[in-house]
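Encoded as structure tokens, the structure appears first; notes follow it.
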Amino acid sequence: MVFEGKYFDGKSAVGYPARVEVNSLTIEIIYTNAIGPQHISWVPDKIYPNDFTGRGTVYLKYGDYPHQYLEVDNPEFEHQLKEAFPKAKFHHTAYNRIFSAGAKGIIAIAVGFVAILLLGYFYALPAFAESVAATVPISWEEEFGDAAYDQMMAMETIDDKNSKLANEFFKEMGYKSDYNVNITVTKNAVVNAYALPGGKIVVYEGILRSMDSPEEFAALLSHEYSHVALRHSTKNIFRSLSSYMLFSLVIGDAGGIVAVIVQNADQLKQLGYSRSLEEEADRNGLKLMKEKQIDPNGMENLLKTLKKEEGEGGVPESMEFLSSHPLTKQRMEYIQKEIDKEDYNVKANQRLADLWQQMKINVGNEVDEE
Amino acid sequence: MEVISTNNEGEDENKNNENRNDNNGINANEPVYDFSKEQGGYYNQGEIPINVFEAKMHGDGWQYFSILIVNWVLTVLSLGFYYPWARAKTLRYIYGETEFGGSRFTFHGTGKEMFKGFIKAIALLAGIALLGNLGRITGSLTLAVVGGLLYFFGIMLIIPLALHGGMRYRMSRTSWRGIHFGYRGKLGELFGICVKGFLLSVFTLGIYSSWFAVDLRRYMHSNMRLGNCHLDFEGQGGSLFWINLKGVLLFYPTLGIYTFWYIKNLNNYYINNTVLYQDGRKSQFNSSLTVGNVFEVTIVNFFLTIVTFGLYMPWAMLREMRMVIDNVQLEGQFVPEAVVQTEENYADATGEDLLDMLDIGLDF
């Protein structure tokens, strides 16, 4: 079949009307220029890759610079080309394949792509953020934690006396750490405590009141400290703010991350840890207590106290805090198992008991005054 | 071919056969262009018809959508490394769907070229960033001052460098009817225009920036070649300043609605002041874009993009291009058949990638 087309020789912009024929090995082009009739042959290997997006009109680019072109306004030409040169590279482009898949194929790709993006956004990116969180220097963690801390404390009243006692209490527990742990007790009736990246731990007065023994308090601090030491809070922040942070991290700008944390400080408080992280903190806390010969039953009692709060209903916010933890009953079960697993020594520590007593009095006194 | 002839090419030769000389003393009957019979034989100097050449954007939303989707998938899966190839694909599609005077443009750039440029551009930007932070890294005051100064020069130089390299690459990689475009500008001259424009804009609190934009465009246009043709820009800074001033002053009183007029004015100002020279004959670009066009396209794009959660974007982008391109005409004694290949191959895409990174668009 002979096609009518337009041929451009690459030397001038003249579009020569041409007769085009597709043979088994070549494309024959016959046209007439100023000199006279011309006859040229194209081999398929020298045709440039073509996506055939012209919708009926076929545009071919050919040869070395300056390239030649052929324009044929006939959809049949495309079919003949593909038929005559089934293996030629120029029409085997990825995009060409997609176009021939039609609307269904395109929609399938689009849906698949959105699925990949969602998976990436909700799973891969947070997982990546967590692994990054595990490697950032402690000084960065401190910077994040302090920024969030300052923001949060603006809304709280700090109990200086008890904060001092609580820090002494923690020191007395004797945990060795790369982190500069600092405990703050705030005058807030909510039963809550949380750890910030870099070593800041905040304990609400409400939870102090609910607890009955120094071992429970030791267990609470062990648990929160484990969140710090295991970088749970850093991972958590990175996870939830991963999309913002990706960019800041790429350009190595800790300041940018701090700004994001400050903006989102309020939300940080509400961030629950995943159950597996809570369990990890429980187990690690228990291990530390055993090492330092503090009665690990404190952990169980702490949970009993929390369970009691849970049972009584408590203030709504305390419910929120509890709900983010694994079911308290489950926690009690695995803690009991862990306690029973091996022998341990318990050494009574009078200093811890005294400090606890003072804190309790401080809390109680204030309650009486109210 | 959408060429509307306002002068009959097959006019009787005897009609003008009275030894009429034009102003330059060239014999009007001397054939200046000699073509084959199929191309209309030849034109005599005095007989070159005034033609109107129209532009048209053919892009199809589905095709563009599929190209973009594949680009996104591959870019994400390759952690961004596919990006230069994706860009080449996109440009190739858009150019290939843009028709002027009955023939489409071709973009020849490849992902490989753009990837090399991409790497060089990153290295360049990283180098400049490093200079800026030299003091902070080493803690030395001397290095901070030296680094800071070099950083400042780097920043000043990077935009003309990007424009220059970008123009050279983009022009060399674009062809029409097999004839490649070219850019003949000199980096030093462009740098001079940028420094002068930047400093005067600062000193005049931004007022000079309209004149700066015009200087820049004139320089770049006058150095654009299509074979033996070249473009030029005849706009005046004062007119652009007036357009910008109206845009600013009327924005709030009209609650931003004036933006539609501003877009139209700006677009038409740039296009209507662009001319093309072929062998000394001037042809004029015209834009017939109306406020109604801008209004319709913007509103429809805005709502459909929102309603479809952004999926309409490829269609929206094409509509926007169509709005500008379909309203462009070239009118004058332009003879497409007389354009001959003059430009050389130029494959360094660093400038192109720099422009992309700095988010500067080359709009023609």
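Identifiers for the structure tokens are assigned positionally: chains receive A, B, ... in sequence, residues are indexed from 1 per chain, and ligands are indexed from 1 in the order shown.
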
(Q) Residues near region 332-342 of chain B, anyone? I mean within 9 Å using only C-alpha atoms, not counting same-chain ones fewer than 5 positions away, as a ChimeraX atom specification. (A) /A:10-15,66 /B:33-35,39,48-53,101,177-182,225-229,276-278,281-285

Q. Contacts of Ala213 (chain B) at 12 Å or less, counting only C-alpha atoms, minus same-chain residues fewer than 5 places along, as a ChimeraX atom specification?
A. /B:193-194,196-198,200-201,206-208,218-221,233,235-241,244,266,270

Q | CA of Ala84 (chain A) to CA of Ser24 (chain A), distance in Å rounded to a single decimal | A |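 Spanning CA of Ala84 (chain A) to CA of Ser24 (chain A) is a straight-line distance of 5.7 Å.
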
Q) Taking only C-alpha atoms into account, which of B:Gly96, B:Gly117, B:Gly80, B:Gly109 comes nearest chain A? A) B:Gly96

Q: Considering only C-alpha atoms, return as number ranges by chain whatever protein or nucleic-acid residues lie within 8 Å of region 91-100 of chain A, sequence-local ones (same chain, fewer than 5 positions apart) excluded.
A: A: 49-52, 82, 105-106; B: 63, 66-67, 70

Q: Work out how far CA of Val72 (chain A) is from CA of Pro44 (chain A), in Å to one decimal.
A: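 So the two atoms, CA of Pro44 (chain A) and CA of Val72 (chain A), lie 15.9 Å apart.
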
Q. Which residues, written as a PyMOL selection string, have at least one atom at most 10 Å from Leu124 (chain B), with only C-alpha atoms counted and residues fewer than 3 positions away on the same chain left out?
A. chain B and resi 118-121+127-130+154+158+350+354

Given the selection you just returned, output its residues as a file containing N, CA and C atoms, formatted as a short mmCIF file (atom, residue, chain, number, x, y, z; two decimals), in the first residue's frame.
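Full text of selection-v6.cif as output:
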data_model
loop_
_atom_site.label_atom_id
_atom_site.label_comp_id
_atom_site.auth_asym_id
_atom_site.auth_seq_id
_atom_site.Cartn_x
_atom_site.Cartn_y
_atom_site.Cartn_z
N PHE B 118 21.24 17.20 35.48
CA PHE B 118 20.64 17.14 36.82
C PHE B 118 21.75 16.98 37.86
N ILE B 119 22.65 16.05 37.58
CA ILE B 119 23.76 15.80 38.51
C ILE B 119 24.65 17.03 38.61
N LYS B 120 24.98 17.62 37.45
CA LYS B 120 25.84 18.81 37.46
C LYS B 120 25.16 19.95 38.20
N ALA B 121 23.85 20.09 37.97
CA ALA B 121 23.12 21.19 38.62
C ALA B 121 23.12 21.00 40.12
N GLY B 127 27.64 23.06 45.82
CA GLY B 127 28.90 23.81 45.96
C GLY B 127 28.63 25.21 46.49
N ILE B 128 27.62 25.85 45.93
CA ILE B 128 27.29 27.21 46.37
C ILE B 128 26.80 27.20 47.81
N ALA B 129 25.98 26.20 48.15
CA ALA B 129 25.48 26.10 49.52
C ALA B 129 26.65 25.88 50.48
N LEU B 130 27.61 25.09 50.03
CA LEU B 130 28.78 24.81 50.87
C LEU B 130 29.55 26.10 51.14
N GLY B 154 27.93 33.53 43.65
CA GLY B 154 27.36 32.29 43.11
C GLY B 154 25.87 32.44 42.87
N ILE B 158 24.04 32.33 39.29
CA ILE B 158 23.34 31.07 38.99
C ILE B 158 22.12 31.29 38.09
N THR B 350 22.60 21.01 31.71
CA THR B 350 22.76 21.54 33.07
C THR B 350 21.85 22.74 33.33
N LEU B 354 18.93 23.23 36.01
CA LEU B 354 19.01 24.31 36.99
C LEU B 354 17.72 25.11 36.99
#

As a short mmCIF file (atom, residue, chain, number, x, y, z; two decimals) with N, CA and C atoms, in the first residue's frame, please: the residues near Thr305 (chain A) (cut-off 12 Å, only C-alpha atoms, same-chain neighbours under 6 positions excluded).
data_model
loop_
_atom_site.label_atom_id
_atom_site.label_comp_id
_atom_site.auth_asym_id
_atom_site.auth_seq_id
_atom_site.Cartn_x
_atom_site.Cartn_y
_atom_site.Cartn_z
N VAL A 191 -4.67 11.79 85.74
CA VAL A 191 -3.79 10.64 86.00
C VAL A 191 -3.00 10.38 84.72
N GLY A 206 -1.92 13.99 89.61
CA GLY A 206 -3.01 13.02 89.71
C GLY A 206 -2.52 11.61 89.86
N ILE A 207 -1.50 11.26 89.10
CA ILE A 207 -1.01 9.88 89.16
C ILE A 207 -0.23 9.64 90.46
N LEU A 208 0.43 10.70 90.97
CA LEU A 208 1.13 10.55 92.26
C LEU A 208 0.13 10.21 93.34
N ARG A 209 -1.01 10.89 93.29
CA ARG A 209 -2.03 10.67 94.32
C ARG A 209 -2.58 9.26 94.26
N SER A 210 -2.73 8.72 93.04
CA SER A 210 -3.35 7.40 92.89
C SER A 210 -2.44 6.28 93.37
N MET A 211 -1.13 6.51 93.31
CA MET A 211 -0.20 5.43 93.63
C MET A 211 -0.01 5.32 95.14
N ASP A 212 0.31 4.06 95.58
CA ASP A 212 0.38 3.84 97.01
C ASP A 212 1.79 3.51 97.53
N SER A 213 2.73 3.16 96.64
CA SER A 213 4.03 2.73 97.17
C SER A 213 5.17 3.30 96.34
N GLU A 216 5.74 1.46 93.12
CA GLU A 216 4.88 1.82 91.99
C GLU A 216 5.46 3.00 91.23
N PHE A 217 5.92 4.00 92.02
CA PHE A 217 6.50 5.18 91.40
C PHE A 217 7.77 4.80 90.63
N ALA A 219 8.33 1.97 89.34
CA ALA A 219 7.89 1.27 88.13
C ALA A 219 7.46 2.27 87.05
N LEU A 220 6.72 3.31 87.49
CA LEU A 220 6.28 4.33 86.52
C LEU A 220 7.48 4.99 85.86
N GLY A 298 6.09 -3.73 92.04
CA GLY A 298 5.66 -2.34 91.89
C GLY A 298 5.00 -2.13 90.55
N MET A 299 5.52 -2.80 89.52
CA MET A 299 4.96 -2.66 88.17
C MET A 299 3.53 -3.19 88.14
N GLY A 311 -11.56 1.49 86.06
CA GLY A 311 -12.85 0.98 86.52
C GLY A 311 -13.76 2.08 87.01
N GLU A 312 -13.16 3.04 87.70
CA GLU A 312 -13.98 4.11 88.25
C GLU A 312 -14.44 5.10 87.18
N GLY A 314 -13.06 7.65 86.03
CA GLY A 314 -12.07 8.74 86.08
C GLY A 314 -12.44 9.89 85.17
N LEU A 322 -5.21 5.93 79.23
CA LEU A 322 -5.24 4.47 79.44
C LEU A 322 -5.51 3.72 78.15
N THR A 328 -5.06 -3.17 80.07
CA THR A 328 -4.33 -3.28 81.32
C THR A 328 -4.27 -4.72 81.83
N LYS A 329 -5.36 -5.44 81.58
CA LYS A 329 -5.40 -6.83 82.03
C LYS A 329 -4.31 -7.67 81.37
N MET A 332 -0.98 -6.87 82.81
CA MET A 332 -0.77 -7.51 84.11
C MET A 332 -0.37 -8.97 83.94
#

Please build the interface table for chain A against chain B with a cut-off of 10 Å, listing for each qualifying residue the nearest atom pair and the distance in Å to one decimal; count only C-alpha atoms, order rows by chain and increasing number, and write it as JSON lines.
{"residue": "A:Lys6", "atom": "CA", "partner": "B:Arg177", "partner_atom": "CA", "distance": 9.9}
{"residue": "A:Tyr7", "atom": "CA", "partner": "B:Arg177", "partner_atom": "CA", "distance": 9.0}
{"residue": "A:Phe8", "atom": "CA", "partner": "B:Gly178", "partner_atom": "CA", "distance": 6.0}
{"residue": "A:Asp9", "atom": "CA", "partner": "B:Gly178", "partner_atom": "CA", "distance": 7.0}
{"residue": "A:Gly10", "atom": "CA", "partner": "B:Gly178", "partner_atom": "CA", "distance": 4.7}
{"residue": "A:Lys11", "atom": "CA", "partner": "B:Gln341", "partner_atom": "CA", "distance": 5.0}
{"residue": "A:Ser12", "atom": "CA", "partner": "B:Val340", "partner_atom": "CA", "distance": 4.0}
{"residue": "A:Ala13", "atom": "CA", "partner": "B:Arg177", "partner_atom": "CA", "distance": 5.1}
{"residue": "A:Val14", "atom": "CA", "partner": "B:Glu337", "partner_atom": "CA", "distance": 4.3}
{"residue": "A:Gly15", "atom": "CA", "partner": "B:Arg177", "partner_atom": "CA", "distance": 7.1}
{"residue": "A:Tyr16", "atom": "CA", "partner": "B:Gln39", "partner_atom": "CA", "distance": 7.6}
{"residue": "A:Pro17", "atom": "CA", "partner": "B:Glu38", "partner_atom": "CA", "distance": 7.5}
{"residue": "A:Tyr31", "atom": "CA", "partner": "B:Glu38", "partner_atom": "CA", "distance": 9.7}
{"residue": "A:Thr32", "atom": "CA", "partner": "B:Ser36", "partner_atom": "CA", "distance": 7.1}
{"residue": "A:Asn33", "atom": "CA", "partner": "B:Ser36", "partner_atom": "CA", "distance": 5.3}
{"residue": "A:Ala34", "atom": "CA", "partner": "B:Ser36", "partner_atom": "CA", "distance": 4.3}
{"residue": "A:Ile35", "atom": "CA", "partner": "B:Ser36", "partner_atom": "CA", "distance": 7.7}
{"residue": "A:Gly36", "atom": "CA", "partner": "B:Ser36", "partner_atom": "CA", "distance": 7.9}
{"residue": "A:Pro37", "atom": "CA", "partner": "B:Ser36", "partner_atom": "CA", "distance": 9.8}
{"residue": "A:Tyr48", "atom": "CA", "partner": "B:His108", "partner_atom": "CA", "distance": 10.0}
{"residue": "A:Asp51", "atom": "CA", "partner": "B:Tyr93", "partner_atom": "CA", "distance": 9.0}
{"residue": "A:Thr53", "atom": "CA", "partner": "B:Gln63", "partner_atom": "CA", "distance": 7.3}
{"residue": "A:Gly54", "atom": "CA", "partner": "B:Glu97", "partner_atom": "CA", "distance": 7.5}
{"residue": "A:Arg55", "atom": "CA", "partner": "B:Asp60", "partner_atom": "CA", "distance": 9.2}
{"residue": "A:Tyr59", "atom": "CA", "partner": "B:Gly96", "partner_atom": "CA", "distance": 9.1}
{"residue": "A:Lys61", "atom": "CA", "partner": "B:Gly178", "partner_atom": "CA", "distance": 8.7}
{"residue": "A:Tyr65", "atom": "CA", "partner": "B:Asn345", "partner_atom": "CA", "distance": 7.5}
{"residue": "A:Pro66", "atom": "CA", "partner": "B:Gly178", "partner_atom": "CA", "distance": 7.4}
{"residue": "A:His67", "atom": "CA", "partner": "B:Gly178", "partner_atom": "CA", "distance": 6.4}
{"residue": "A:Gln68", "atom": "CA", "partner": "B:Gly178", "partner_atom": "CA", "distance": 6.3}
{"residue": "A:Tyr69", "atom": "CA", "partner": "B:Gly178", "partner_atom": "CA", "distance": 6.4}
{"residue": "A:Leu70", "atom": "CA", "partner": "B:Arg177", "partner_atom": "CA", "distance": 9.5}
{"residue": "A:Glu71", "atom": "CA", "partner": "B:Ser103", "partner_atom": "CA", "distance": 9.3}
{"residue": "A:Ala94", "atom": "CA", "partner": "B:Val70", "partner_atom": "CA", "distance": 9.0}
{"residue": "A:Tyr95", "atom": "CA", "partner": "B:Ile67", "partner_atom": "CA", "distance": 7.0}
{"residue": "A:Asn96", "atom": "CA", "partner": "B:Ile67", "partner_atom": "CA", "distance": 9.9}
{"residue": "A:Ile98", "atom": "CA", "partner": "B:Ser66", "partner_atom": "CA", "distance": 7.6}
{"residue": "A:Phe99", "atom": "CA", "partner": "B:Gln63", "partner_atom": "CA", "distance": 7.3}
{"residue": "A:Gly102", "atom": "CA", "partner": "B:Trp62", "partner_atom": "CA", "distance": 9.3}
{"residue": "A:Ala103", "atom": "CA", "partner": "B:Trp62", "partner_atom": "CA", "distance": 7.8}
{"residue": "A:Gly105", "atom": "CA", "partner": "B:Ser66", "partner_atom": "CA", "distance": 9.3}
{"residue": "A:Ile106", "atom": "CA", "partner": "B:Ser66", "partner_atom": "CA", "distance": 5.9}
{"residue": "A:Ile107", "atom": "CA", "partner": "B:Ser66", "partner_atom": "CA", "distance": 8.6}
{"residue": "A:Ile109", "atom": "CA", "partner": "B:Ile69", "partner_atom": "CA", "distance": 7.4}
{"residue": "A:Ala110", "atom": "CA", "partner": "B:Ile69", "partner_atom": "CA", "distance": 6.3}
{"residue": "A:Val111", "atom": "CA", "partner": "B:Ile69", "partner_atom": "CA", "distance": 9.9}
{"residue": "A:Gly112", "atom": "CA", "partner": "B:Val73", "partner_atom": "CA", "distance": 9.0}
{"residue": "A:Phe113", "atom": "CA", "partner": "B:Val73", "partner_atom": "CA", "distance": 6.0}
{"residue": "A:Val114", "atom": "CA", "partner": "B:Val73", "partner_atom": "CA", "distance": 9.1}
{"residue": "A:Ile116", "atom": "CA", "partner": "B:Val73", "partner_atom": "CA", "distance": 8.7}
{"residue": "A:Leu117", "atom": "CA", "partner": "B:Val76", "partner_atom": "CA", "distance": 8.4}
{"residue": "A:Gly120", "atom": "CA", "partner": "B:Val76", "partner_atom": "CA", "distance": 9.7}

Q: Would you mind writing down, as JSON, numbers by chain, each residue of region 127-340 of chain B that DSSP on the backbone assigns to strand (DSSP E or B)?
A: {"B": [174, 175, 176, 179, 180, 181, 182, 183, 224, 225, 226, 229, 230, 231, 232, 233, 274, 275, 276, 277, 278, 281, 282, 283, 284, 285, 286, 287, 328, 329, 330, 331, 332, 340]}

Q: Run DSSP on the backbone and give me the residues of region 121-184 of chain A it puts in alpha helix (DSSP H), as a count of residues only.
A: 39

**Q.** Separation of CA of Thr290 (chain B) from CA of Ile243 (chain B), in Å and rounded to one decimal
**A.**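 Spanning CA of Thr290 (chain B) to CA of Ile243 (chain B) is a straight-line distance of 15.4 Å.
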
Q: Please provide the set of residues having any atom within 12 Å of Met153 (chain A), restricted to only C-alpha atoms, with same-chain residues fewer than 4 positions apart removed, written as a PyMOL selection string.
A: chain A and resi 145-149+157-159+184-188+200-204+262+265-266+269

Write the residues of the preceding selection, restricted to C-alpha atoms, as an mmCIF file, in the first residue's frame.
data_model
loop_
_atom_site.group_PDB
_atom_site.id
_atom_site.type_symbol
_atom_site.label_atom_id
_atom_site.label_comp_id
_atom_site.auth_asym_id
_atom_site.auth_seq_id
_atom_site.Cartn_x
_atom_site.Cartn_y
_atom_site.Cartn_z
ATOM 1 C CA GLY A 145 12.242 17.258 73.511
ATOM 2 C CA ASP A 146 13.126 20.636 75.002
ATOM 3 C CA ALA A 147 11.197 22.485 72.323
ATOM 4 C CA ALA A 148 8.088 20.421 72.998
ATOM 5 C CA TYR A 149 8.650 20.654 76.760
ATOM 6 C CA THR A 157 2.030 24.755 86.793
ATOM 7 C CA ILE A 158 5.272 23.095 87.827
ATOM 8 C CA ASP A 159 5.534 21.653 91.326
ATOM 9 C CA THR A 184 8.975 17.412 86.170
ATOM 10 C CA VAL A 185 5.941 17.090 88.416
ATOM 11 C CA THR A 186 3.063 19.350 87.461
ATOM 12 C CA LYS A 187 0.028 20.362 89.462
ATOM 13 C CA ASN A 188 -2.502 18.649 87.277
ATOM 14 C CA LYS A 200 12.411 14.855 79.900
ATOM 15 C CA ILE A 201 9.691 13.002 81.857
ATOM 16 C CA VAL A 202 6.524 14.735 82.975
ATOM 17 C CA VAL A 203 4.470 13.299 85.856
ATOM 18 C CA TYR A 204 1.049 14.711 86.734
ATOM 19 C CA VAL A 262 6.701 23.307 68.539
ATOM 20 C CA ALA A 265 3.428 20.145 70.719
ATOM 21 C CA ASP A 266 -0.167 19.842 71.830
ATOM 22 C CA LYS A 269 0.829 14.695 74.355
#

Q. Which of these, A:Phe238, A:Arg331, A:Ala229, A:Val20, has the shortest distance to Ser131 (chain A) once you count only C-alpha atoms?
A. A:Phe238

(Q) With only C-alpha atoms as the counted atoms, please give the residues lying no more than 7 Å from Trp42 (chain A), apart from itself and same-chain residues fewer than 6 positions off, as a list in words. (A)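 In the requested format, the answer is Thr26, Ile27 and Glu28 of chain A.
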